[in-house]
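Student: For reference, this is coords.cif, and it has mmCIF, C-alpha atoms.
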data_entry
#
loop_
_atom_site.label_atom_id
_atom_site.label_comp_id
_atom_site.auth_asym_id
_atom_site.auth_seq_id
_atom_site.Cartn_x
_atom_site.Cartn_y
_atom_site.Cartn_z
CA MET G 1 -3.93 -0.39 -24.23
CA ALA G 2 -7.14 -0.78 -22.32
CA ASP G 3 -8.62 2.56 -21.32
CA LEU G 4 -8.99 1.77 -17.63
CA LEU G 5 -6.68 4.67 -16.98
CA ASN G 6 -9.53 6.99 -18.03
CA GLU G 7 -11.92 5.26 -15.67
CA VAL G 8 -9.75 5.28 -12.58
CA THR G 9 -8.80 8.95 -13.00
CA ALA G 10 -12.32 10.08 -13.90
CA ASP G 11 -14.70 11.43 -11.29
CA ASP G 12 -17.94 10.92 -13.14
CA LEU G 13 -18.41 7.19 -13.69
CA SER G 14 -22.05 6.28 -13.27
CA ARG G 15 -23.36 3.32 -11.33
CA ASP G 16 -24.73 1.94 -14.58
CA GLN G 17 -21.33 2.14 -16.28
CA ILE G 18 -19.66 0.32 -13.43
CA GLN G 19 -22.39 -2.33 -13.35
CA ARG G 20 -21.96 -2.90 -17.08
CA ARG G 21 -18.24 -3.39 -16.61
CA VAL G 22 -18.82 -5.95 -13.90
CA GLU G 23 -21.29 -7.85 -16.10
CA ASP G 24 -18.93 -7.72 -19.02
CA TRP G 25 -16.07 -9.05 -16.86
CA ALA G 26 -18.20 -11.96 -15.65
CA GLN G 27 -19.15 -12.79 -19.24
CA ARG G 28 -15.57 -12.61 -20.48
CA ILE G 29 -14.47 -14.97 -17.73
CA GLU G 30 -17.26 -17.40 -18.54
CA LYS G 31 -16.33 -17.37 -22.21
CA LEU G 32 -12.63 -17.79 -21.47
CA TYR G 33 -13.31 -20.76 -19.23
CA ARG G 34 -15.40 -22.39 -21.98
CA GLU G 35 -12.56 -21.85 -24.42
CA ILE G 36 -10.05 -23.34 -21.98
CA GLU G 37 -12.25 -26.41 -21.50
CA GLU G 38 -12.32 -26.87 -25.26
CA TRP G 39 -8.51 -26.71 -25.38
CA LEU G 40 -7.98 -29.43 -22.79
CA PRO G 41 -6.68 -32.72 -24.17
CA ALA G 42 -8.03 -36.15 -23.35
CA GLY G 43 -7.60 -37.08 -19.72
CA TYR G 44 -8.13 -33.53 -18.52
CA SER G 45 -11.32 -31.98 -17.27
CA ALA G 46 -12.36 -28.72 -15.67
CA GLU G 47 -14.77 -27.83 -12.91
CA GLN G 48 -16.07 -24.62 -11.37
CA SER G 49 -16.99 -25.66 -7.85
CA ARG G 50 -15.43 -22.68 -6.04
CA THR G 51 -15.92 -18.99 -6.40
CA LYS G 52 -14.08 -15.79 -5.58
CA ARG G 53 -15.89 -12.74 -4.29
CA MET G 54 -15.50 -9.60 -6.38
CA HIS G 55 -16.16 -6.34 -4.58
CA GLU G 56 -13.73 -3.77 -5.94
CA GLU G 57 -13.56 -0.20 -4.71
CA LEU G 58 -15.48 1.31 -7.63
CA MET G 59 -18.33 -1.14 -6.94
CA ARG G 60 -18.37 -0.25 -3.24
CA GLU G 61 -18.39 3.48 -4.01
CA VAL G 62 -21.69 3.16 -5.89
CA ARG G 63 -23.08 0.38 -3.68
CA ILE G 64 -23.03 -2.41 -6.21
CA PRO G 65 -23.25 -5.66 -4.25
CA PRO G 66 -20.41 -8.19 -4.39
CA ARG G 67 -20.34 -10.64 -7.22
CA ASP G 68 -19.09 -14.20 -6.97
CA LEU G 69 -16.90 -15.19 -9.89
CA PRO G 70 -16.02 -18.80 -10.68
CA ILE G 71 -12.59 -20.32 -10.12
CA LEU G 72 -11.67 -22.89 -12.73
CA LYS G 73 -10.00 -26.05 -11.49
CA ILE G 74 -8.24 -28.20 -14.08
CA VAL G 75 -8.00 -31.85 -13.25
CA ARG G 76 -6.04 -34.68 -14.82
CA ASP G 77 -6.78 -38.29 -13.94
CA SER G 78 -8.81 -37.02 -10.99
CA GLN G 79 -5.87 -35.03 -9.64
CA PRO G 80 -5.99 -31.22 -9.56
CA VAL G 81 -3.24 -29.77 -11.75
CA ALA G 82 -4.09 -26.10 -12.00
CA THR G 83 -6.46 -23.36 -10.94
CA ILE G 84 -7.44 -20.20 -12.76
CA GLU G 85 -8.72 -17.47 -10.53
CA PRO G 86 -9.96 -13.95 -11.31
CA ARG G 87 -7.70 -11.41 -9.60
CA GLY G 88 -9.29 -8.13 -10.54
CA LEU G 89 -11.02 -6.09 -13.22
CA TRP G 90 -9.94 -2.53 -12.63
CA ILE G 91 -6.21 -2.73 -13.15
CA ILE G 92 -4.34 0.14 -14.74
CA GLY G 93 -2.57 -1.45 -17.67
CA ALA G 94 -5.01 -4.32 -18.22
CA ASN G 95 -8.69 -4.88 -18.75
CA GLY G 96 -8.85 -7.54 -16.06
CA ARG G 97 -6.48 -10.18 -14.76
CA LEU G 98 -6.71 -13.85 -13.84
CA ASP G 99 -3.99 -15.98 -12.31
CA LEU G 100 -3.15 -19.48 -13.45
CA ILE G 101 -1.34 -21.54 -10.85
CA SER G 102 -0.03 -24.97 -11.74
CA GLY G 103 2.17 -26.51 -9.06
CA GLN G 104 5.01 -24.08 -8.49
CA LYS G 105 4.31 -22.26 -11.73
CA HIS G 106 2.36 -19.01 -11.57
CA PHE G 107 1.16 -17.08 -14.59
CA VAL G 108 -0.89 -13.95 -15.10
CA ILE G 109 -3.55 -13.86 -17.81
CA VAL G 110 -4.58 -10.34 -18.80
CA ASP G 111 -6.98 -8.89 -21.33
CA ALA G 112 -5.18 -6.30 -23.43
CA ALA G 113 -8.29 -5.16 -25.31
CA GLU G 114 -10.23 -1.95 -24.75
CA SER G 115 -13.34 -2.03 -22.60
CA PHE G 116 -16.28 -3.78 -24.26
CA HIS G 117 -14.12 -4.92 -27.16
CA PRO G 118 -13.51 -8.59 -27.94
CA PRO G 119 -10.88 -9.73 -25.46
CA ILE G 120 -7.22 -10.16 -26.33
CA TRP G 121 -6.00 -12.63 -23.75
CA GLN G 122 -2.30 -12.66 -23.02
CA ILE G 123 -0.25 -14.74 -20.63
CA ALA G 124 3.08 -14.17 -18.92
CA PRO G 125 4.99 -15.83 -16.10
CA LEU G 126 4.45 -13.93 -12.85
CA ASN G 127 8.19 -13.55 -12.37
CA ASP G 128 8.78 -12.12 -15.85
CA ARG G 129 5.76 -10.20 -17.03
CA ARG G 130 7.63 -8.74 -19.98
CA LYS G 131 7.32 -12.17 -21.63
CA LEU G 132 3.73 -11.55 -22.61
CA ASP G 133 2.33 -13.87 -25.30
CA ARG G 134 -1.04 -14.47 -26.79
CA PHE G 135 -2.89 -16.96 -24.58
CA ASP G 136 -3.88 -19.96 -26.66
CA ARG G 137 -4.07 -23.74 -26.45
CA THR G 138 -0.31 -24.14 -26.84
CA LYS G 139 0.41 -21.71 -24.06
CA LEU G 140 -2.17 -23.33 -21.80
CA LEU G 141 -0.73 -26.80 -22.27
CA SER G 142 2.82 -25.62 -21.67
CA ALA G 143 1.66 -23.94 -18.47
CA LEU G 144 0.01 -27.08 -17.10
CA MET L 145 14.98 6.73 -19.51
CA GLN L 146 18.16 5.11 -18.36
CA ASP L 147 16.85 3.83 -15.04
CA LEU L 148 13.45 2.65 -16.22
CA ALA L 149 14.50 -0.92 -16.96
CA VAL L 150 16.11 -1.31 -13.54
CA LEU L 151 13.05 0.14 -11.80
CA ALA L 152 10.76 -2.20 -13.72
CA ALA L 153 12.91 -5.21 -12.88
CA PHE L 154 13.02 -4.31 -9.20
CA TYR L 155 9.27 -3.78 -9.12
CA GLY L 156 8.73 -7.21 -10.66
CA GLU L 157 11.05 -8.80 -8.12
CA ILE L 158 9.22 -7.29 -5.17
CA ASP L 159 5.76 -8.05 -6.50
CA THR L 160 6.72 -11.65 -7.25
CA TRP L 161 8.03 -12.01 -3.68
CA LEU L 162 4.82 -10.53 -2.25
CA GLU L 163 2.76 -12.80 -4.47
CA ALA L 164 4.57 -15.85 -3.11
CA GLN L 165 3.71 -14.69 0.41
CA ARG L 166 0.11 -14.17 -0.62
CA THR L 167 -0.09 -17.67 -2.08
CA HIS L 168 1.29 -19.09 1.15
CA ALA L 169 -1.16 -17.11 3.28
CA LEU L 170 -4.02 -18.22 1.06
CA ALA L 171 -3.01 -21.85 1.39
CA SER L 172 -2.92 -21.41 5.18
CA GLY L 173 -6.39 -19.92 5.15
CA ASP L 174 -5.14 -16.67 6.70
CA GLN L 175 -7.39 -14.16 4.94
CA ALA L 176 -6.27 -11.29 7.17
CA LYS L 177 -2.69 -11.89 6.06
CA VAL L 178 -3.81 -12.11 2.43
CA ASP L 179 -5.51 -8.74 2.80
CA ARG L 180 -2.38 -7.18 4.33
CA ILE L 181 -0.19 -8.51 1.54
CA GLU L 182 -2.60 -7.25 -1.13
CA THR L 183 -2.41 -3.81 0.46
CA LYS L 184 1.38 -3.96 0.24
CA GLN L 185 1.12 -4.96 -3.41
CA ARG L 186 -1.09 -1.98 -4.21
CA LEU L 187 1.30 0.37 -2.41
CA ASN L 188 4.27 -1.19 -4.19
CA ASP L 189 2.51 -0.70 -7.54
CA GLN L 190 1.90 2.97 -6.83
CA ALA L 191 5.36 3.70 -5.47
CA TYR L 192 7.03 2.23 -8.52
CA PHE L 193 4.55 3.84 -10.88
CA VAL L 194 5.54 7.27 -9.54
CA LEU L 195 9.23 6.40 -9.88
CA CYS L 196 8.74 5.17 -13.44
CA TRP L 197 6.66 8.23 -14.33
CA GLY L 198 9.66 10.34 -13.28
CA GLN L 199 11.71 8.63 -15.97
CA LEU L 200 9.15 9.49 -18.65
CA GLU L 201 8.84 13.05 -17.43
CA LEU L 202 12.61 13.48 -17.63
CA GLU L 203 12.56 12.13 -21.17
CA ILE L 204 9.89 14.67 -22.11
CA ASP L 205 11.93 17.43 -20.48
CA ASN L 206 14.97 16.38 -22.51
CA ALA L 207 13.01 16.16 -25.76
CA CYS L 208 11.57 19.68 -25.47
CA PRO L 209 14.80 21.69 -25.77
CA GLU L 210 15.83 19.52 -28.71
CA ALA L 211 12.52 20.20 -30.43
CA ILE L 212 12.90 23.91 -29.76
CA ARG L 213 16.46 24.05 -31.08
CA GLN L 214 15.54 22.15 -34.24
CA ARG L 215 12.75 24.53 -35.11
CA LYS L 216 14.52 27.71 -34.01
CA ALA L 217 17.16 26.78 -36.59
CA ASP L 218 14.60 26.61 -39.41
CA PRO L 219 15.36 29.27 -42.02
CA ASN L 220 11.65 29.74 -42.61
CA TRP L 221 10.43 32.42 -40.21
CA THR L 222 6.83 31.25 -40.41
CA VAL L 223 8.00 27.94 -38.90
CA ARG L 224 10.45 29.60 -36.51
CA ARG L 225 8.40 32.48 -35.14
CA ALA L 226 6.51 30.70 -32.38
CA TRP L 227 9.51 28.56 -31.41
CA ASP L 228 11.63 31.70 -31.02
CA LEU L 229 9.56 32.49 -27.93
CA TYR L 230 11.24 29.65 -26.02
CA ASN L 231 14.72 29.47 -24.66
CA PRO L 232 15.99 25.88 -24.91
CA ASP L 233 18.78 26.61 -22.46
CA ASP L 234 16.35 27.66 -19.75
CA LYS L 235 16.07 24.71 -17.37
CA ARG L 236 12.53 25.78 -16.53
CA LEU L 237 11.72 26.12 -20.22
CA SER L 238 10.22 29.54 -19.73
CA GLY L 239 7.91 28.19 -17.04
CA LEU L 240 6.02 25.87 -19.34
CA SER L 241 3.57 23.54 -17.61
CA LEU L 242 3.92 19.84 -18.17
CA GLU L 243 0.88 19.91 -20.45
CA ASP L 244 2.58 22.50 -22.65
CA ARG L 245 5.91 20.67 -22.62
CA VAL L 246 4.19 17.49 -23.74
CA ALA L 247 2.36 19.47 -26.44
CA LEU L 248 5.71 20.48 -27.91
CA VAL L 249 6.65 16.86 -28.54
CA LEU L 250 3.28 15.09 -28.94
CA ASP L 251 0.24 16.21 -30.88
CA ARG L 252 -2.26 17.70 -28.44
CA SER L 253 -5.05 17.59 -31.04
CA SER L 254 -4.90 13.91 -31.83
CA GLY L 255 -7.88 13.03 -29.68
CA SER L 256 -8.68 10.75 -26.77
CA GLY L 257 -6.66 7.57 -26.78
CA SER L 258 -3.75 9.40 -28.44
CA ARG L 259 -0.25 9.38 -26.98
CA TYR L 260 -0.77 12.92 -25.72
CA ALA L 261 -4.03 11.96 -24.00
CA ARG L 262 -2.42 8.89 -22.45
CA VAL L 263 0.46 10.96 -21.06
CA MET L 264 -2.05 13.37 -19.52
CA ASN L 265 -3.97 10.49 -17.95
CA PHE L 266 -0.77 9.03 -16.52
CA TYR L 267 0.15 12.48 -15.22
CA ALA L 268 -3.27 12.80 -13.54
CA LEU L 269 -2.74 9.43 -11.91
CA ARG L 270 0.76 10.39 -10.81
CA ASN L 271 -0.59 13.59 -9.26
CA GLN L 272 -3.36 11.75 -7.42
CA ILE L 273 -0.88 9.37 -5.85
CA ALA L 274 1.91 11.89 -5.22
CA HIS L 275 -0.53 14.33 -3.60
CA GLY L 276 -1.74 11.74 -1.13
CA LYS L 277 -4.79 10.18 -2.78
CA LEU L 278 -3.73 6.54 -2.89
CA ARG L 279 -5.54 4.27 -5.33
CA PRO L 280 -7.46 1.15 -4.31
CA ASP L 281 -6.73 -0.43 -7.70
CA ARG L 282 -3.72 -2.40 -8.88
CA ILE L 283 -1.35 -0.99 -11.45
CA ASP L 284 0.30 -3.37 -13.90
CA VAL L 285 3.59 -1.53 -13.77
CA THR L 286 5.16 -3.85 -16.33
CA ALA L 287 2.45 -2.96 -18.86
CA VAL L 288 2.71 0.73 -18.00
CA VAL L 289 6.49 0.66 -18.50
CA ALA L 290 6.01 -0.99 -21.90
CA GLU L 291 3.69 1.86 -22.84
CA PHE L 292 6.19 4.44 -21.54
CA TYR L 293 8.74 3.03 -24.01
CA GLN L 294 6.19 3.38 -26.82
CA ILE L 295 5.55 6.97 -25.78
CA GLN L 296 9.28 7.61 -25.73
CA SER L 297 9.50 6.40 -29.33
CA ALA L 298 6.69 8.73 -30.34
CA LEU L 299 8.21 11.92 -28.92
CA THR L 300 8.96 14.24 -31.81
CA ARG L 301 12.12 16.24 -31.37
#
Would you write out, as structure tokens, the structure that this file holds?
Tutor:
Amino acid sequence: MADLLNEVTADDLSRDQIQRRVEDWAQRIEKLYREIEEWLPAGYSAEQSRTKRMHEELMREVRIPPRDLPILKIVRDSQPVATIEPRGLWIIGANGRLDLISGQKHFVIVDAAESFHPPIWQIAPLNDRRKLDRFDRTKLLSAL
Amino acid sequence: MQDLAVLAAFYGEIDTWLEAQRTHALASGDQAKVDRIETKQRLNDQAYFVLCWGQLELEIDNACPEAIRQRKADPNWTVRRAWDLYNPDDKRLSGLSLEDRVALVLDRSSGSGSRYARVMNFYALRNQIAHGKLRPDRIDVTAVVAEFYQIQSALTR
């Protein structure tokens, strides 16, 4: 499991360490969105016109300014069908979480990897998070 | 950990309900309401984390006397001698701290990232919350519960 538990119970995280985590999170999101765009079948497209402000407590404690992270909107035949939105980085039990909402369906996408390791993206329905599966093209399409 | 599954299910139910409220508030553009709901979610996470931790701690407390009895029964004195210091029928286990109780059933020397280290980190988190220092972060209680089951499997009696 991701070692965020160490970070949130530690008293000696440096500003530089926290800044690196924020940068890494932004890069992982960017890479995930690119992967998702590659998975989309014909007729679908994705855009990143909106953002979500990230300013978690650890950032505020060391005066790191807020960071705007992109929200991915998935569109089919010009109609929006889903959004993927970053929900948070410092979560005990996950190395970051995004939410995928498609109509009435709501999923959580979490990174199960250790900090600064290649991400292991997993997806589960919000209302049954025990059903965690590797997040791949098949899972994305069944969620849409 | 007989109540852990029920606790985890109830946590999920409440968080899902709060999330639906958050989605509705977001759609209405009511950011103040979104913020209030997110606060409730963080508090819900921490409340259930402490409850779930209690299940793991009880499991550790049950594993310790078993481990002691097993090794006190060893015919080899060189194995038995240190274990003879403990009374497995003493509910307070001779006043052992949690760290020492965990060390009886998980390897304390197995390094950072080990099961022992993870239990100590969870215990530190539990103490922070239970002693009044609430966390501003979310806790994925479902993921934590899954890890608690893995820890349970690793306890050596």
Student: So which residues touch Pro86 (chain G) within 9 Å, counting all atoms listed in the file, skipping near sequence neighbours fewer than 5 positions away, as an mmCIF file with C-alpha atoms, keeping the file's coordinate frame?
Tutor:
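Output file selection19.cif follows:
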data_model
loop_
_atom_site.group_PDB
_atom_site.id
_atom_site.type_symbol
_atom_site.label_atom_id
_atom_site.label_comp_id
_atom_site.auth_asym_id
_atom_site.auth_seq_id
_atom_site.Cartn_x
_atom_site.Cartn_y
_atom_site.Cartn_z
ATOM 1 C CA ILE G 29 -14.470 -14.970 -17.730
ATOM 2 C CA LYS G 52 -14.080 -15.790 -5.580
ATOM 3 C CA MET G 54 -15.500 -9.600 -6.380
ATOM 4 C CA LEU G 69 -16.900 -15.190 -9.890
ATOM 5 C CA PRO G 70 -16.020 -18.800 -10.680
ATOM 6 C CA ILE G 71 -12.590 -20.320 -10.120
ATOM 7 C CA GLY G 96 -8.850 -7.540 -16.060
ATOM 8 C CA ARG G 97 -6.480 -10.180 -14.760
ATOM 9 C CA LEU G 98 -6.710 -13.850 -13.840
ATOM 10 C CA ASP G 99 -3.990 -15.980 -12.310
#
Student: Skipping near chain neighbours, those fewer than 5 positions away, what residues fall within 9 Å of Phe266 (chain L) using all atoms listed in the file, listed as a ChimeraX atom specification?
Tutor: /G:5,9 /L:197,261,271
Student: Could you jot down the CA of Leu140 (chain G) to CA of Ile123 (chain G) separation for me, Å, one decimal place?
Tutor: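 Rounded to one decimal, the two atoms are 8.9 Å apart.
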Student: With the file shown as input, list the residues that the PyMOL selection byres ((chain L and resi 212) around 9) selects, as a VMD selection string.
Tutor: chain L and resid 207 to 211 213 to 217 227 to 228 230 to 232 248 301
Student: To one decimal in Å, tell me the separation between CA of Gln146 (chain L) and CA of Gln199 (chain L).
Tutor: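 Computing it gives 7.7 Å between the two atoms.
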Student: Compile the residues of chain G that lie within 12 Å of chain L, evaluated using all atoms listed in the file, and express the compilation as a VMD selection string.
Tutor: chain G and resid 1 to 11 55 to 61 87 to 97 99 to 101 103 to 112 114 122 124 to 132
Student: Would you export the selected residues with C-alpha atoms as an mmCIF file, in the coordinates of the input, please?
Tutor:
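File again.cif, as written:
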data_model
loop_
_atom_site.group_PDB
_atom_site.id
_atom_site.type_symbol
_atom_site.label_atom_id
_atom_site.label_comp_id
_atom_site.auth_asym_id
_atom_site.auth_seq_id
_atom_site.Cartn_x
_atom_site.Cartn_y
_atom_site.Cartn_z
ATOM 1 C CA MET G 1 -3.930 -0.390 -24.230
ATOM 2 C CA ALA G 2 -7.140 -0.780 -22.320
ATOM 3 C CA ASP G 3 -8.620 2.560 -21.320
ATOM 4 C CA LEU G 4 -8.990 1.770 -17.630
ATOM 5 C CA LEU G 5 -6.680 4.670 -16.980
ATOM 6 C CA ASN G 6 -9.530 6.990 -18.030
ATOM 7 C CA GLU G 7 -11.920 5.260 -15.670
ATOM 8 C CA VAL G 8 -9.750 5.280 -12.580
ATOM 9 C CA THR G 9 -8.800 8.950 -13.000
ATOM 10 C CA ALA G 10 -12.320 10.080 -13.900
ATOM 11 C CA ASP G 11 -14.700 11.430 -11.290
ATOM 12 C CA HIS G 55 -16.160 -6.340 -4.580
ATOM 13 C CA GLU G 56 -13.730 -3.770 -5.940
ATOM 14 C CA GLU G 57 -13.560 -0.200 -4.710
ATOM 15 C CA LEU G 58 -15.480 1.310 -7.630
ATOM 16 C CA MET G 59 -18.330 -1.140 -6.940
ATOM 17 C CA ARG G 60 -18.370 -0.250 -3.240
ATOM 18 C CA GLU G 61 -18.390 3.480 -4.010
ATOM 19 C CA ARG G 87 -7.700 -11.410 -9.600
ATOM 20 C CA GLY G 88 -9.290 -8.130 -10.540
ATOM 21 C CA LEU G 89 -11.020 -6.090 -13.220
ATOM 22 C CA TRP G 90 -9.940 -2.530 -12.630
ATOM 23 C CA ILE G 91 -6.210 -2.730 -13.150
ATOM 24 C CA ILE G 92 -4.340 0.140 -14.740
ATOM 25 C CA GLY G 93 -2.570 -1.450 -17.670
ATOM 26 C CA ALA G 94 -5.010 -4.320 -18.220
ATOM 27 C CA ASN G 95 -8.690 -4.880 -18.750
ATOM 28 C CA GLY G 96 -8.850 -7.540 -16.060
ATOM 29 C CA ARG G 97 -6.480 -10.180 -14.760
ATOM 30 C CA ASP G 99 -3.990 -15.980 -12.310
ATOM 31 C CA LEU G 100 -3.150 -19.480 -13.450
ATOM 32 C CA ILE G 101 -1.340 -21.540 -10.850
ATOM 33 C CA GLY G 103 2.170 -26.510 -9.060
ATOM 34 C CA GLN G 104 5.010 -24.080 -8.490
ATOM 35 C CA LYS G 105 4.310 -22.260 -11.730
ATOM 36 C CA HIS G 106 2.360 -19.010 -11.570
ATOM 37 C CA PHE G 107 1.160 -17.080 -14.590
ATOM 38 C CA VAL G 108 -0.890 -13.950 -15.100
ATOM 39 C CA ILE G 109 -3.550 -13.860 -17.810
ATOM 40 C CA VAL G 110 -4.580 -10.340 -18.800
ATOM 41 C CA ASP G 111 -6.980 -8.890 -21.330
ATOM 42 C CA ALA G 112 -5.180 -6.300 -23.430
ATOM 43 C CA GLU G 114 -10.230 -1.950 -24.750
ATOM 44 C CA GLN G 122 -2.300 -12.660 -23.020
ATOM 45 C CA ALA G 124 3.080 -14.170 -18.920
ATOM 46 C CA PRO G 125 4.990 -15.830 -16.100
ATOM 47 C CA LEU G 126 4.450 -13.930 -12.850
ATOM 48 C CA ASN G 127 8.190 -13.550 -12.370
ATOM 49 C CA ASP G 128 8.780 -12.120 -15.850
ATOM 50 C CA ARG G 129 5.760 -10.200 -17.030
ATOM 51 C CA ARG G 130 7.630 -8.740 -19.980
ATOM 52 C CA LYS G 131 7.320 -12.170 -21.630
ATOM 53 C CA LEU G 132 3.730 -11.550 -22.610
#
Student: So, counting only C-alpha atoms, which residue among G:Phe116, G:Ala143, G:Ile74, G:Thr51 is closest to Glu38 (chain G)?
Tutor: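 Among G:Phe116, G:Ala143, G:Ile74, G:Thr51, it is G:Ile74 that comes nearest to Glu38 (chain G).
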Student: Run through the PyMOL selection byres ((chain G and resi 73) around 8) on the given coordinates and return the selected residues as a PyMOL selection string.
Tutor: chain G and resi 46-49+71-72+74-75+80-84
